[in-house]
Structure formats: structure tokens, C-alpha cells
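data.txt, holding compact mmCIF, N, CA and C atoms and all ligand atoms:
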```
# COMPACT_ATOMS: atom_id res chain seq x y z
N MET A 1 155.86 112.88 53.82
CA MET A 1 154.87 113.23 52.79
C MET A 1 153.51 112.64 53.15
N SER A 2 153.48 111.33 53.36
CA SER A 2 152.17 110.72 53.55
C SER A 2 151.53 111.14 54.88
N SER A 3 152.35 111.31 55.94
CA SER A 3 151.74 111.71 57.21
C SER A 3 151.24 113.15 57.14
N PHE A 4 151.96 113.98 56.37
CA PHE A 4 151.48 115.33 56.14
C PHE A 4 150.14 115.29 55.41
N LEU A 5 150.09 114.45 54.39
CA LEU A 5 148.87 114.33 53.58
C LEU A 5 147.71 113.80 54.42
N LEU A 6 147.98 112.77 55.20
CA LEU A 6 146.92 112.15 56.00
C LEU A 6 146.30 113.15 56.97
N ASP A 7 147.12 114.04 57.48
CA ASP A 7 146.65 114.99 58.49
C ASP A 7 146.01 116.24 57.88
N LEU A 8 146.01 116.32 56.58
CA LEU A 8 145.51 117.51 55.90
C LEU A 8 144.00 117.69 56.12
N GLN A 9 143.64 118.91 56.52
CA GLN A 9 142.22 119.26 56.72
C GLN A 9 141.65 119.60 55.34
N ILE A 10 140.90 118.66 54.75
CA ILE A 10 140.44 118.90 53.37
C ILE A 10 139.05 119.52 53.32
N GLN A 11 138.34 119.43 54.43
CA GLN A 11 137.07 120.15 54.57
C GLN A 11 137.03 120.67 56.00
N LYS A 12 136.05 121.50 56.27
CA LYS A 12 135.93 122.07 57.62
C LYS A 12 135.94 120.98 58.69
N ASP A 13 135.26 119.88 58.42
CA ASP A 13 135.13 118.82 59.43
C ASP A 13 135.77 117.49 59.03
N PHE A 14 136.56 117.48 57.98
CA PHE A 14 137.14 116.21 57.54
C PHE A 14 138.62 116.35 57.22
N LYS A 15 139.36 115.34 57.67
CA LYS A 15 140.78 115.25 57.30
C LYS A 15 140.94 114.17 56.23
N PHE A 16 142.03 114.29 55.49
CA PHE A 16 142.28 113.38 54.38
C PHE A 16 142.28 111.91 54.82
N TYR A 17 142.89 111.63 55.97
CA TYR A 17 143.05 110.23 56.40
C TYR A 17 141.73 109.49 56.50
N GLU A 18 140.65 110.24 56.79
CA GLU A 18 139.36 109.56 56.99
C GLU A 18 138.92 108.77 55.76
N PHE A 19 139.40 109.21 54.59
CA PHE A 19 139.04 108.55 53.34
C PHE A 19 140.06 107.48 52.94
N ILE A 20 141.08 107.31 53.79
CA ILE A 20 142.11 106.29 53.57
C ILE A 20 141.98 105.16 54.60
N THR A 21 141.81 105.54 55.86
CA THR A 21 141.76 104.54 56.94
C THR A 21 140.37 104.38 57.54
N GLY A 22 139.46 105.30 57.19
CA GLY A 22 138.19 105.40 57.90
C GLY A 22 138.38 106.31 59.11
N THR A 23 137.31 106.99 59.51
CA THR A 23 137.40 107.93 60.63
C THR A 23 137.96 107.24 61.88
N TYR A 24 137.50 106.01 62.12
CA TYR A 24 137.93 105.26 63.30
C TYR A 24 138.81 104.07 62.93
N ASN A 25 139.61 104.23 61.88
CA ASN A 25 140.54 103.16 61.48
C ASN A 25 139.85 101.84 61.18
N THR A 26 138.70 101.92 60.53
CA THR A 26 137.94 100.70 60.25
C THR A 26 138.49 99.92 59.05
N MET A 27 139.31 100.58 58.23
CA MET A 27 139.88 99.85 57.10
C MET A 27 141.01 98.94 57.58
N PRO A 28 141.14 97.75 57.00
CA PRO A 28 142.29 96.90 57.35
C PRO A 28 143.59 97.64 57.08
N LYS A 29 144.57 97.43 57.95
CA LYS A 29 145.83 98.17 57.86
C LYS A 29 146.48 98.01 56.48
N GLU A 30 146.45 96.78 55.96
CA GLU A 30 147.06 96.53 54.65
C GLU A 30 146.37 97.36 53.56
N ALA A 31 145.05 97.47 53.67
CA ALA A 31 144.29 98.25 52.67
C ALA A 31 144.73 99.71 52.71
N SER A 32 144.92 100.24 53.92
CA SER A 32 145.33 101.64 54.07
C SER A 32 146.74 101.86 53.53
N ILE A 33 147.62 100.91 53.79
CA ILE A 33 149.00 101.03 53.28
C ILE A 33 149.00 101.02 51.76
N LEU A 34 148.24 100.08 51.19
CA LEU A 34 148.15 100.00 49.73
C LEU A 34 147.48 101.25 49.16
N ALA A 35 146.52 101.78 49.89
CA ALA A 35 145.85 103.00 49.44
C ALA A 35 146.86 104.14 49.31
N LEU A 36 147.70 104.29 50.33
CA LEU A 36 148.72 105.36 50.30
C LEU A 36 149.72 105.14 49.18
N GLU A 37 150.08 103.87 48.96
CA GLU A 37 151.06 103.55 47.91
C GLU A 37 150.49 103.79 46.51
N ASN A 38 149.18 103.76 46.40
CA ASN A 38 148.55 103.85 45.09
C ASN A 38 147.78 105.15 44.87
N LEU A 39 148.09 106.15 45.68
CA LEU A 39 147.45 107.45 45.49
C LEU A 39 147.98 108.09 44.21
N THR A 40 147.09 108.58 43.39
CA THR A 40 147.48 109.37 42.22
C THR A 40 146.84 110.74 42.38
N GLU A 41 147.23 111.65 41.51
CA GLU A 41 146.64 112.99 41.58
C GLU A 41 145.13 112.89 41.34
N GLU A 42 144.76 112.02 40.38
CA GLU A 42 143.34 111.85 40.08
C GLU A 42 142.57 111.33 41.30
N VAL A 43 143.13 110.33 41.97
CA VAL A 43 142.48 109.77 43.15
C VAL A 43 142.34 110.85 44.23
N CYS A 44 143.40 111.63 44.42
CA CYS A 44 143.34 112.70 45.43
C CYS A 44 142.22 113.69 45.10
N GLN A 45 142.13 114.06 43.82
CA GLN A 45 141.07 114.99 43.43
C GLN A 45 139.69 114.37 43.65
N ASN A 46 139.57 113.08 43.39
CA ASN A 46 138.30 112.39 43.60
C ASN A 46 137.94 112.34 45.08
N ILE A 47 138.93 112.09 45.92
CA ILE A 47 138.70 112.07 47.37
C ILE A 47 138.21 113.44 47.83
N ILE A 48 138.80 114.50 47.29
CA ILE A 48 138.35 115.86 47.64
C ILE A 48 136.87 116.03 47.26
N LYS A 49 136.51 115.54 46.07
CA LYS A 49 135.11 115.67 45.63
C LYS A 49 134.18 114.91 46.57
N VAL A 50 134.56 113.70 46.95
CA VAL A 50 133.73 112.91 47.86
C VAL A 50 133.65 113.61 49.23
N SER A 51 134.75 114.23 49.64
CA SER A 51 134.75 114.91 50.95
C SER A 51 133.81 116.11 50.93
N GLU A 52 133.62 116.70 49.75
CA GLU A 52 132.65 117.81 49.64
C GLU A 52 131.24 117.30 49.92
N LEU A 53 130.94 116.12 49.41
CA LEU A 53 129.64 115.50 49.69
C LEU A 53 129.52 115.18 51.19
N ALA A 54 130.59 114.67 51.76
CA ALA A 54 130.60 114.36 53.19
C ALA A 54 130.30 115.62 54.01
N GLN A 55 130.93 116.73 53.62
CA GLN A 55 130.72 117.99 54.35
C GLN A 55 129.30 118.49 54.19
N GLU A 56 128.76 118.28 53.00
CA GLU A 56 127.37 118.69 52.75
C GLU A 56 126.41 117.93 53.68
N ILE A 57 126.64 116.64 53.83
CA ILE A 57 125.80 115.81 54.72
C ILE A 57 125.99 116.27 56.16
N ARG A 58 127.24 116.47 56.54
CA ARG A 58 127.59 116.92 57.89
C ARG A 58 126.87 118.25 58.23
N ASP A 59 126.89 119.17 57.27
CA ASP A 59 126.28 120.48 57.50
C ASP A 59 124.76 120.39 57.54
N TYR A 60 124.19 119.59 56.68
CA TYR A 60 122.72 119.49 56.64
C TYR A 60 122.19 118.90 57.94
N PHE A 61 122.77 117.80 58.37
CA PHE A 61 122.26 117.10 59.56
C PHE A 61 122.83 117.65 60.87
N GLU A 62 123.87 118.48 60.76
CA GLU A 62 124.56 119.00 61.95
C GLU A 62 124.91 117.86 62.90
N ASP A 63 125.46 116.82 62.33
CA ASP A 63 125.82 115.63 63.10
C ASP A 63 127.14 115.08 62.56
N SER A 64 127.87 114.40 63.39
CA SER A 64 129.15 113.82 62.96
C SER A 64 128.91 112.72 61.94
N LEU A 65 129.58 112.83 60.80
CA LEU A 65 129.51 111.80 59.77
C LEU A 65 130.77 110.95 59.89
N ILE A 66 130.57 109.68 60.14
CA ILE A 66 131.70 108.76 60.32
C ILE A 66 131.94 108.02 59.00
N ILE A 67 133.15 108.14 58.48
CA ILE A 67 133.51 107.43 57.25
C ILE A 67 134.07 106.06 57.64
N THR A 68 133.47 105.00 57.12
CA THR A 68 133.98 103.67 57.44
C THR A 68 134.90 103.16 56.33
N CYS A 69 134.74 103.71 55.13
CA CYS A 69 135.56 103.28 54.00
C CYS A 69 135.51 104.33 52.91
N GLY A 70 136.69 104.69 52.40
CA GLY A 70 136.74 105.64 51.29
C GLY A 70 137.43 105.01 50.10
N PHE A 71 138.68 105.41 49.89
CA PHE A 71 139.46 104.89 48.76
C PHE A 71 139.95 103.47 49.05
N ARG A 72 139.67 102.55 48.13
CA ARG A 72 140.22 101.18 48.19
C ARG A 72 140.90 100.92 46.85
N PRO A 73 142.23 100.84 46.83
CA PRO A 73 142.93 100.73 45.54
C PRO A 73 142.61 99.41 44.85
N LEU A 74 142.76 99.44 43.54
CA LEU A 74 142.47 98.28 42.70
C LEU A 74 143.21 97.02 43.17
N VAL A 75 144.48 97.19 43.53
CA VAL A 75 145.29 96.04 43.93
C VAL A 75 144.67 95.36 45.16
N TRP A 76 144.13 96.14 46.08
CA TRP A 76 143.46 95.60 47.26
C TRP A 76 142.15 94.90 46.87
N GLU A 77 141.40 95.55 46.00
CA GLU A 77 140.12 94.97 45.57
C GLU A 77 140.34 93.62 44.92
N LEU A 78 141.34 93.53 44.06
CA LEU A 78 141.61 92.26 43.36
C LEU A 78 142.08 91.19 44.35
N LYS A 79 142.86 91.61 45.34
CA LYS A 79 143.31 90.68 46.38
C LYS A 79 142.15 90.10 47.18
N GLN A 80 141.07 90.89 47.26
CA GLN A 80 139.89 90.44 48.00
C GLN A 80 138.94 89.62 47.13
N GLY A 81 139.35 89.41 45.88
CA GLY A 81 138.51 88.64 44.97
C GLY A 81 137.36 89.45 44.39
N ARG A 82 137.47 90.78 44.49
CA ARG A 82 136.43 91.64 43.93
C ARG A 82 136.76 92.00 42.49
N THR A 83 135.77 92.56 41.78
CA THR A 83 135.95 92.84 40.36
C THR A 83 136.90 94.01 40.12
N GLY A 84 137.00 94.91 41.09
CA GLY A 84 137.80 96.11 40.90
C GLY A 84 137.02 97.22 40.21
N LYS A 85 135.74 96.97 39.95
CA LYS A 85 134.93 97.98 39.26
C LYS A 85 134.26 98.96 40.21
N SER A 86 134.40 98.71 41.52
CA SER A 86 133.79 99.61 42.50
C SER A 86 134.38 101.02 42.35
N LEU A 87 133.55 102.02 42.55
CA LEU A 87 134.04 103.40 42.50
C LEU A 87 134.94 103.73 43.69
N HIS A 88 134.94 102.87 44.70
CA HIS A 88 135.92 103.01 45.78
C HIS A 88 137.35 102.96 45.22
N ALA A 89 137.53 102.17 44.16
CA ALA A 89 138.86 101.98 43.58
C ALA A 89 139.38 103.24 42.87
N LEU A 90 138.49 104.20 42.63
CA LEU A 90 138.90 105.48 42.03
C LEU A 90 138.89 106.61 43.07
N GLY A 91 138.51 106.25 44.29
CA GLY A 91 138.37 107.28 45.33
C GLY A 91 137.07 108.05 45.22
N LEU A 92 136.15 107.56 44.40
CA LEU A 92 134.90 108.30 44.14
C LEU A 92 133.73 107.84 44.99
N ALA A 93 133.99 107.05 46.02
CA ALA A 93 132.89 106.51 46.85
C ALA A 93 133.26 106.56 48.32
N MET A 94 132.22 106.58 49.15
CA MET A 94 132.45 106.46 50.59
C MET A 94 131.32 105.66 51.21
N ASP A 95 131.66 104.93 52.26
CA ASP A 95 130.68 104.28 53.12
C ASP A 95 130.68 105.07 54.42
N CYS A 96 129.49 105.35 54.95
CA CYS A 96 129.43 106.26 56.09
C CYS A 96 128.13 106.10 56.88
N TYR A 97 128.14 106.68 58.07
CA TYR A 97 126.91 106.77 58.86
C TYR A 97 126.98 108.01 59.74
N LEU A 98 125.81 108.49 60.14
CA LEU A 98 125.74 109.62 61.05
C LEU A 98 125.63 109.10 62.49
N THR A 99 126.21 109.86 63.43
CA THR A 99 126.28 109.38 64.80
C THR A 99 124.91 109.30 65.47
N HIS A 100 124.06 110.32 65.23
CA HIS A 100 122.78 110.37 65.96
C HIS A 100 121.55 110.23 65.07
N ILE A 101 121.76 110.16 63.78
CA ILE A 101 120.64 110.13 62.83
C ILE A 101 120.52 108.71 62.26
N LYS A 102 119.29 108.25 62.12
CA LYS A 102 119.08 106.90 61.60
C LYS A 102 119.58 106.78 60.16
N LEU A 103 120.14 105.62 59.89
CA LEU A 103 120.66 105.31 58.57
C LEU A 103 119.60 105.54 57.49
N GLU A 104 118.39 105.11 57.78
CA GLU A 104 117.29 105.25 56.81
C GLU A 104 117.02 106.73 56.50
N ASP A 105 117.13 107.57 57.52
CA ASP A 105 116.86 109.00 57.31
C ASP A 105 117.92 109.62 56.39
N LEU A 106 119.16 109.22 56.57
CA LEU A 106 120.23 109.68 55.69
C LEU A 106 119.98 109.20 54.26
N PHE A 107 119.59 107.95 54.14
CA PHE A 107 119.36 107.36 52.81
C PHE A 107 118.19 108.05 52.10
N VAL A 108 117.11 108.29 52.82
CA VAL A 108 115.93 108.96 52.25
C VAL A 108 116.29 110.38 51.81
N TRP A 109 117.02 111.09 52.67
CA TRP A 109 117.44 112.45 52.33
C TRP A 109 118.26 112.46 51.04
N PHE A 110 119.19 111.52 50.96
CA PHE A 110 120.07 111.47 49.79
C PHE A 110 119.26 111.20 48.52
N ASN A 111 118.31 110.29 48.63
CA ASN A 111 117.48 109.95 47.47
C ASN A 111 116.62 111.12 47.01
N LYS A 112 116.17 111.93 47.96
CA LYS A 112 115.37 113.11 47.59
C LYS A 112 116.26 114.20 47.00
N LYS A 113 117.47 114.30 47.53
CA LYS A 113 118.38 115.37 47.13
C LYS A 113 118.98 115.11 45.74
N TYR A 114 119.38 113.88 45.49
CA TYR A 114 120.05 113.55 44.23
C TYR A 114 119.22 112.53 43.45
N THR A 115 118.40 113.04 42.55
CA THR A 115 117.47 112.17 41.83
C THR A 115 117.98 111.80 40.45
N ASP A 116 119.01 112.47 39.96
CA ASP A 116 119.44 112.17 38.59
C ASP A 116 120.92 111.84 38.47
N LYS A 117 121.61 111.73 39.58
CA LYS A 117 123.04 111.35 39.54
C LYS A 117 123.42 110.68 40.85
N TYR A 118 124.58 110.06 40.86
CA TYR A 118 125.20 109.42 42.03
C TYR A 118 124.60 108.04 42.35
N GLY A 119 125.47 107.21 42.88
CA GLY A 119 125.06 105.89 43.34
C GLY A 119 124.82 105.92 44.83
N ARG A 120 123.89 105.12 45.29
CA ARG A 120 123.58 105.07 46.72
C ARG A 120 123.05 103.69 47.08
N ALA A 121 123.42 103.23 48.26
CA ALA A 121 122.96 101.93 48.74
C ALA A 121 122.95 101.99 50.26
N ILE A 122 122.12 101.17 50.85
CA ILE A 122 122.04 101.13 52.31
C ILE A 122 122.34 99.71 52.77
N ASN A 123 123.17 99.61 53.79
CA ASN A 123 123.50 98.32 54.38
C ASN A 123 123.17 98.38 55.87
N LYS A 124 121.95 97.98 56.21
CA LYS A 124 121.49 98.08 57.61
C LYS A 124 122.25 97.12 58.51
N LYS A 125 122.59 95.97 57.95
CA LYS A 125 123.26 94.95 58.75
C LYS A 125 124.62 95.45 59.23
N LEU A 126 125.37 96.06 58.33
CA LEU A 126 126.70 96.57 58.68
C LEU A 126 126.69 98.06 59.01
N ASN A 127 125.48 98.64 59.02
CA ASN A 127 125.29 100.03 59.42
C ASN A 127 126.12 101.04 58.62
N PHE A 128 125.91 101.07 57.32
CA PHE A 128 126.49 102.16 56.55
C PHE A 128 125.66 102.44 55.30
N CYS A 129 125.76 103.66 54.83
CA CYS A 129 125.26 104.01 53.51
C CYS A 129 126.46 104.14 52.59
N HIS A 130 126.31 103.64 51.39
CA HIS A 130 127.34 103.82 50.35
C HIS A 130 126.87 104.94 49.44
N PHE A 131 127.73 105.91 49.20
CA PHE A 131 127.45 106.97 48.23
C PHE A 131 128.62 107.05 47.26
N ASP A 132 128.33 107.23 45.99
CA ASP A 132 129.40 107.45 45.03
C ASP A 132 129.00 108.48 43.99
N LEU A 133 130.00 109.00 43.30
CA LEU A 133 129.80 110.16 42.41
C LEU A 133 129.66 109.77 40.95
N ARG A 134 129.12 108.61 40.66
CA ARG A 134 128.90 108.23 39.25
C ARG A 134 127.93 109.23 38.61
N PRO A 135 128.02 109.44 37.30
CA PRO A 135 127.18 110.46 36.66
C PRO A 135 125.70 110.10 36.59
N ASN A 136 125.40 108.82 36.62
CA ASN A 136 123.99 108.41 36.55
C ASN A 136 123.49 108.02 37.94
N CYS A 137 122.18 107.93 38.05
CA CYS A 137 121.56 107.61 39.35
C CYS A 137 121.32 106.11 39.45
N VAL A 138 121.95 105.48 40.45
CA VAL A 138 121.77 104.04 40.68
C VAL A 138 121.54 103.82 42.17
N SER A 139 120.58 102.95 42.48
CA SER A 139 120.28 102.66 43.88
C SER A 139 120.19 101.15 44.07
N TRP A 140 120.68 100.66 45.20
CA TRP A 140 120.54 99.23 45.48
C TRP A 140 120.57 98.96 46.97
N ASN A 141 120.14 97.77 47.32
CA ASN A 141 120.25 97.29 48.70
C ASN A 141 121.26 96.16 48.75
N TYR A 142 121.89 96.00 49.89
CA TYR A 142 122.83 94.89 50.06
C TYR A 142 122.08 93.64 50.46
ZN ZN B 201 130.80 101.45 49.37
```
Before we go any further, please render this structure as C-alpha cells.
Amino acid sequence: MSSFLLDLQIQKDFKFYEFITGTYNTMPKEASILALENLTEEVCQNIIKVSELAQEIRDYFEDSLIITCGFRPLVWELKQGRTGKSLHALGLAMDCYLTHIKLEDLFVWFNKKYTDKYGRAINKKLNFCHFDLRPNCVSWNY
């Protein structure tokens, strides 16, 4: 079941696993195992929604979008000493970067495109943008 799910092509350029393990397996193995154990129908639907945003970015920039982190289950977040309030815990967020496009350019584009909804943050040190599907518009720096 889970290997079938992980290999599922959920968008033209994205497979399901990328939102569980990261495109290049950047998530800790334990986090990915817990993610699979804690998948619900709601989380799966949320991952699909986030993958639609990923595909939109991929199509606009015509560049590979690398997902470094998608769904992080609550149990993992609490184990890490986090609040568990991150939208990653619902599958509604992703951390990502484009292969050939500057992080700042992705961040600027996102800010121009979505002015009244979604969360966004840029982490230059760790080279990723965080995007999430919250209904209101929130922006921050790490
Ligand atoms: Zn994030």
C-alpha cells in the first residue's frame, strides 16, 4: 500500500513521495516513517493541494522544483520540541527551491502572485522557501 502510494504520480512532475521524504530524501528517515504511519485522508488531500502549487511553480519557471520537506506529522513535531502548530503537520506546507532560479526570485514571484492568502518565508541560510496554504497572507524571514 505505502510503496504504491509513494510512487503515485500526483502531478505531471511530482510523485507523492516527494512530500513525504523530500525529492532527494532530505527528511530524516524516522520522520518519513512516522509520516506514512500518520497519513489520513485529509492529509493526503492537503498534500495534493500543495502539489498543485508545486506544479504551478514548476510550470511558471520551467525549472525543477526540489521539495526538501512536505508533510511532518504532529508526533514528529512534538518529538522535535516544536509546537505542532506548523502547517507541515497537516500536509498543507512545503519547503522547496528551484534548481536554476535564485531563491529570492521565487520568493518575489510568490509575493506578487499571492497577495491575500498563503504563508511564505525565505530561508537563505538553508536555501529553501516555505509556502503554505493558510487562508490569510503571512510572510516572515527565518
Ligand atoms: Zn516549512
message: Tell me which residues come within 12 Å of (146.9, 112.7, 47.6), as a PyMOL selection string, counting only C-alpha atoms in the file's coordinates.
response: chain A and resi 1-8+10+15-17+19-20+35-48+71+91
field: Surrounding residues as a PyMOL selection string, ligand ZN 201 (chain B), max 12 Å, only C-alpha atoms and all ligand atoms
entry: chain A and resi 19+22+50+67-72+77+85-97+119-123+126-133+139-142
Write the residues of the selection above to a file with N, CA and C atoms, as a compact mmCIF listing (two decimals), keeping the file's coordinate frame.
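Below is the file out.txt, written as the result:
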```txt
# COMPACT_ATOMS: atom_id res chain seq x y z
N PHE A 19 139.40 109.21 54.59
CA PHE A 19 139.04 108.55 53.34
C PHE A 19 140.06 107.48 52.94
N GLY A 22 139.46 105.30 57.19
CA GLY A 22 138.19 105.40 57.90
C GLY A 22 138.38 106.31 59.11
N VAL A 50 134.56 113.70 46.95
CA VAL A 50 133.73 112.91 47.86
C VAL A 50 133.65 113.61 49.23
N ILE A 67 133.15 108.14 58.48
CA ILE A 67 133.51 107.43 57.25
C ILE A 67 134.07 106.06 57.64
N THR A 68 133.47 105.00 57.12
CA THR A 68 133.98 103.67 57.44
C THR A 68 134.90 103.16 56.33
N CYS A 69 134.74 103.71 55.13
CA CYS A 69 135.56 103.28 54.00
C CYS A 69 135.51 104.33 52.91
N GLY A 70 136.69 104.69 52.40
CA GLY A 70 136.74 105.64 51.29
C GLY A 70 137.43 105.01 50.10
N PHE A 71 138.68 105.41 49.89
CA PHE A 71 139.46 104.89 48.76
C PHE A 71 139.95 103.47 49.05
N ARG A 72 139.67 102.55 48.13
CA ARG A 72 140.22 101.18 48.19
C ARG A 72 140.90 100.92 46.85
N GLU A 77 141.40 95.55 46.00
CA GLU A 77 140.12 94.97 45.57
C GLU A 77 140.34 93.62 44.92
N LYS A 85 135.74 96.97 39.95
CA LYS A 85 134.93 97.98 39.26
C LYS A 85 134.26 98.96 40.21
N SER A 86 134.40 98.71 41.52
CA SER A 86 133.79 99.61 42.50
C SER A 86 134.38 101.02 42.35
N LEU A 87 133.55 102.02 42.55
CA LEU A 87 134.04 103.40 42.50
C LEU A 87 134.94 103.73 43.69
N HIS A 88 134.94 102.87 44.70
CA HIS A 88 135.92 103.01 45.78
C HIS A 88 137.35 102.96 45.22
N ALA A 89 137.53 102.17 44.16
CA ALA A 89 138.86 101.98 43.58
C ALA A 89 139.38 103.24 42.87
N LEU A 90 138.49 104.20 42.63
CA LEU A 90 138.90 105.48 42.03
C LEU A 90 138.89 106.61 43.07
N GLY A 91 138.51 106.25 44.29
CA GLY A 91 138.37 107.28 45.33
C GLY A 91 137.07 108.05 45.22
N LEU A 92 136.15 107.56 44.40
CA LEU A 92 134.90 108.30 44.14
C LEU A 92 133.73 107.84 44.99
N ALA A 93 133.99 107.05 46.02
CA ALA A 93 132.89 106.51 46.85
C ALA A 93 133.26 106.56 48.32
N MET A 94 132.22 106.58 49.15
CA MET A 94 132.45 106.46 50.59
C MET A 94 131.32 105.66 51.21
N ASP A 95 131.66 104.93 52.26
CA ASP A 95 130.68 104.28 53.12
C ASP A 95 130.68 105.07 54.42
N CYS A 96 129.49 105.35 54.95
CA CYS A 96 129.43 106.26 56.09
C CYS A 96 128.13 106.10 56.88
N TYR A 97 128.14 106.68 58.07
CA TYR A 97 126.91 106.77 58.86
C TYR A 97 126.98 108.01 59.74
N GLY A 119 125.47 107.21 42.88
CA GLY A 119 125.06 105.89 43.34
C GLY A 119 124.82 105.92 44.83
N ARG A 120 123.89 105.12 45.29
CA ARG A 120 123.58 105.07 46.72
C ARG A 120 123.05 103.69 47.08
N ALA A 121 123.42 103.23 48.26
CA ALA A 121 122.96 101.93 48.74
C ALA A 121 122.95 101.99 50.26
N ILE A 122 122.12 101.17 50.85
CA ILE A 122 122.04 101.13 52.31
C ILE A 122 122.34 99.71 52.77
N ASN A 123 123.17 99.61 53.79
CA ASN A 123 123.50 98.32 54.38
C ASN A 123 123.17 98.38 55.87
N LEU A 126 125.37 96.06 58.33
CA LEU A 126 126.70 96.57 58.68
C LEU A 126 126.69 98.06 59.01
N ASN A 127 125.48 98.64 59.02
CA ASN A 127 125.29 100.03 59.42
C ASN A 127 126.12 101.04 58.62
N PHE A 128 125.91 101.07 57.32
CA PHE A 128 126.49 102.16 56.55
C PHE A 128 125.66 102.44 55.30
N CYS A 129 125.76 103.66 54.83
CA CYS A 129 125.26 104.01 53.51
C CYS A 129 126.46 104.14 52.59
N HIS A 130 126.31 103.64 51.39
CA HIS A 130 127.34 103.82 50.35
C HIS A 130 126.87 104.94 49.44
N PHE A 131 127.73 105.91 49.20
CA PHE A 131 127.45 106.97 48.23
C PHE A 131 128.62 107.05 47.26
N ASP A 132 128.33 107.23 45.99
CA ASP A 132 129.40 107.45 45.03
C ASP A 132 129.00 108.48 43.99
N LEU A 133 130.00 109.00 43.30
CA LEU A 133 129.80 110.16 42.41
C LEU A 133 129.66 109.77 40.95
N SER A 139 120.58 102.95 42.48
CA SER A 139 120.28 102.66 43.88
C SER A 139 120.19 101.15 44.07
N TRP A 140 120.68 100.66 45.20
CA TRP A 140 120.54 99.23 45.48
C TRP A 140 120.57 98.96 46.97
N ASN A 141 120.14 97.77 47.32
CA ASN A 141 120.25 97.29 48.70
C ASN A 141 121.26 96.16 48.75
N TYR A 142 121.89 96.00 49.89
CA TYR A 142 122.83 94.89 50.06
C TYR A 142 122.08 93.64 50.46
```
task: Write out as a list in words all residues of region 2-117 of chain A that DSSP puts in strand (DSSP E) for this structure's backbone.
output: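 Selecting the strand (DSSP E) positions of region 2-117 of chain A gives Gln9, Ile10, Gln11, Phe14, Lys15, Leu65, Ile66, Ile67, Thr68, Cys69, Ala93, Met94, Asp95, Cys96, Tyr97 and Leu98 of chain A.
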For the residues selected in the previous step, produce a file with N, CA and C atoms as a PDB file, in the frame of the given file.
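Writing done, so here's out-v5.pdb:
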```
ATOM      1  N   GLN A   9     143.640 118.910  56.520  1.00  0.00           N
ATOM      2  CA  GLN A   9     142.220 119.260  56.720  1.00  0.00           C
ATOM      3  C   GLN A   9     141.650 119.600  55.340  1.00  0.00           C
ATOM      4  N   ILE A  10     140.900 118.660  54.750  1.00  0.00           N
ATOM      5  CA  ILE A  10     140.440 118.900  53.370  1.00  0.00           C
ATOM      6  C   ILE A  10     139.050 119.520  53.320  1.00  0.00           C
ATOM      7  N   GLN A  11     138.340 119.430  54.430  1.00  0.00           N
ATOM      8  CA  GLN A  11     137.070 120.150  54.570  1.00  0.00           C
ATOM      9  C   GLN A  11     137.030 120.670  56.000  1.00  0.00           C
ATOM     10  N   PHE A  14     136.560 117.480  57.980  1.00  0.00           N
ATOM     11  CA  PHE A  14     137.140 116.210  57.540  1.00  0.00           C
ATOM     12  C   PHE A  14     138.620 116.350  57.220  1.00  0.00           C
ATOM     13  N   LYS A  15     139.360 115.340  57.670  1.00  0.00           N
ATOM     14  CA  LYS A  15     140.780 115.250  57.300  1.00  0.00           C
ATOM     15  C   LYS A  15     140.940 114.170  56.230  1.00  0.00           C
ATOM     16  N   LEU A  65     129.580 112.830  60.800  1.00  0.00           N
ATOM     17  CA  LEU A  65     129.510 111.800  59.770  1.00  0.00           C
ATOM     18  C   LEU A  65     130.770 110.950  59.890  1.00  0.00           C
ATOM     19  N   ILE A  66     130.570 109.680  60.140  1.00  0.00           N
ATOM     20  CA  ILE A  66     131.700 108.760  60.320  1.00  0.00           C
ATOM     21  C   ILE A  66     131.940 108.020  59.000  1.00  0.00           C
ATOM     22  N   ILE A  67     133.150 108.140  58.480  1.00  0.00           N
ATOM     23  CA  ILE A  67     133.510 107.430  57.250  1.00  0.00           C
ATOM     24  C   ILE A  67     134.070 106.060  57.640  1.00  0.00           C
ATOM     25  N   THR A  68     133.470 105.000  57.120  1.00  0.00           N
ATOM     26  CA  THR A  68     133.980 103.670  57.440  1.00  0.00           C
ATOM     27  C   THR A  68     134.900 103.160  56.330  1.00  0.00           C
ATOM     28  N   CYS A  69     134.740 103.710  55.130  1.00  0.00           N
ATOM     29  CA  CYS A  69     135.560 103.280  54.000  1.00  0.00           C
ATOM     30  C   CYS A  69     135.510 104.330  52.910  1.00  0.00           C
ATOM     31  N   ALA A  93     133.990 107.050  46.020  1.00  0.00           N
ATOM     32  CA  ALA A  93     132.890 106.510  46.850  1.00  0.00           C
ATOM     33  C   ALA A  93     133.260 106.560  48.320  1.00  0.00           C
ATOM     34  N   MET A  94     132.220 106.580  49.150  1.00  0.00           N
ATOM     35  CA  MET A  94     132.450 106.460  50.590  1.00  0.00           C
ATOM     36  C   MET A  94     131.320 105.660  51.210  1.00  0.00           C
ATOM     37  N   ASP A  95     131.660 104.930  52.260  1.00  0.00           N
ATOM     38  CA  ASP A  95     130.680 104.280  53.120  1.00  0.00           C
ATOM     39  C   ASP A  95     130.680 105.070  54.420  1.00  0.00           C
ATOM     40  N   CYS A  96     129.490 105.350  54.950  1.00  0.00           N
ATOM     41  CA  CYS A  96     129.430 106.260  56.090  1.00  0.00           C
ATOM     42  C   CYS A  96     128.130 106.100  56.880  1.00  0.00           C
ATOM     43  N   TYR A  97     128.140 106.680  58.070  1.00  0.00           N
ATOM     44  CA  TYR A  97     126.910 106.770  58.860  1.00  0.00           C
ATOM     45  C   TYR A  97     126.980 108.010  59.740  1.00  0.00           C
ATOM     46  N   LEU A  98     125.810 108.490  60.140  1.00  0.00           N
ATOM     47  CA  LEU A  98     125.740 109.620  61.050  1.00  0.00           C
ATOM     48  C   LEU A  98     125.630 109.100  62.490  1.00  0.00           C
TER      49      LEU A  98
END
```
Could you work out an axis-aligned box for region 49-52 of chain A, taking every atom the file lists and adding 6 Å on each side, and report centre and edge lengths in Å to one decimal, as lines of an AutoDock Vina configuration file?
```
center_x = 133.9
center_y = 115.4
center_z = 48.3
size_x = 17.3
size_y = 16.9
size_z = 17.3
```
- request: May I ask for the distance between CA of Lys12 (chain A) and CA of Tyr24 (chain A), given in Å to one decimal place?
  value: 17.9 Å
message: Taking only C-alpha atoms into account, name the residue in A:Arg82, A:Lys125, A:Arg134, A:His100 that is nearest to Arg58 (chain A).
response: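 Checking each candidate against Arg58 (chain A), we get A:His100 as the closest.
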- request: Could you give me the residues within region 11-140 of chain A that DSSP places in alpha helix (DSSP H), as a PyMOL selection string?
  value: chain A and resi 29-37+41-61+74-79+103-113
Residues near Lys117 (chain A), cut-off 6 Å, only C-alpha atoms, skip fewer than 4 positions along chain, as a ChimeraX atom specification: /A:135-137
field: Exercise: Gln11 (chain A) partners within 8 Å, all atoms listed in the file, chain neighbours under 6 positions left out, as a list of chain:residue names
entry: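 Those residues are A:Ile48, A:Ser51, A:Glu52, A:Gln55.
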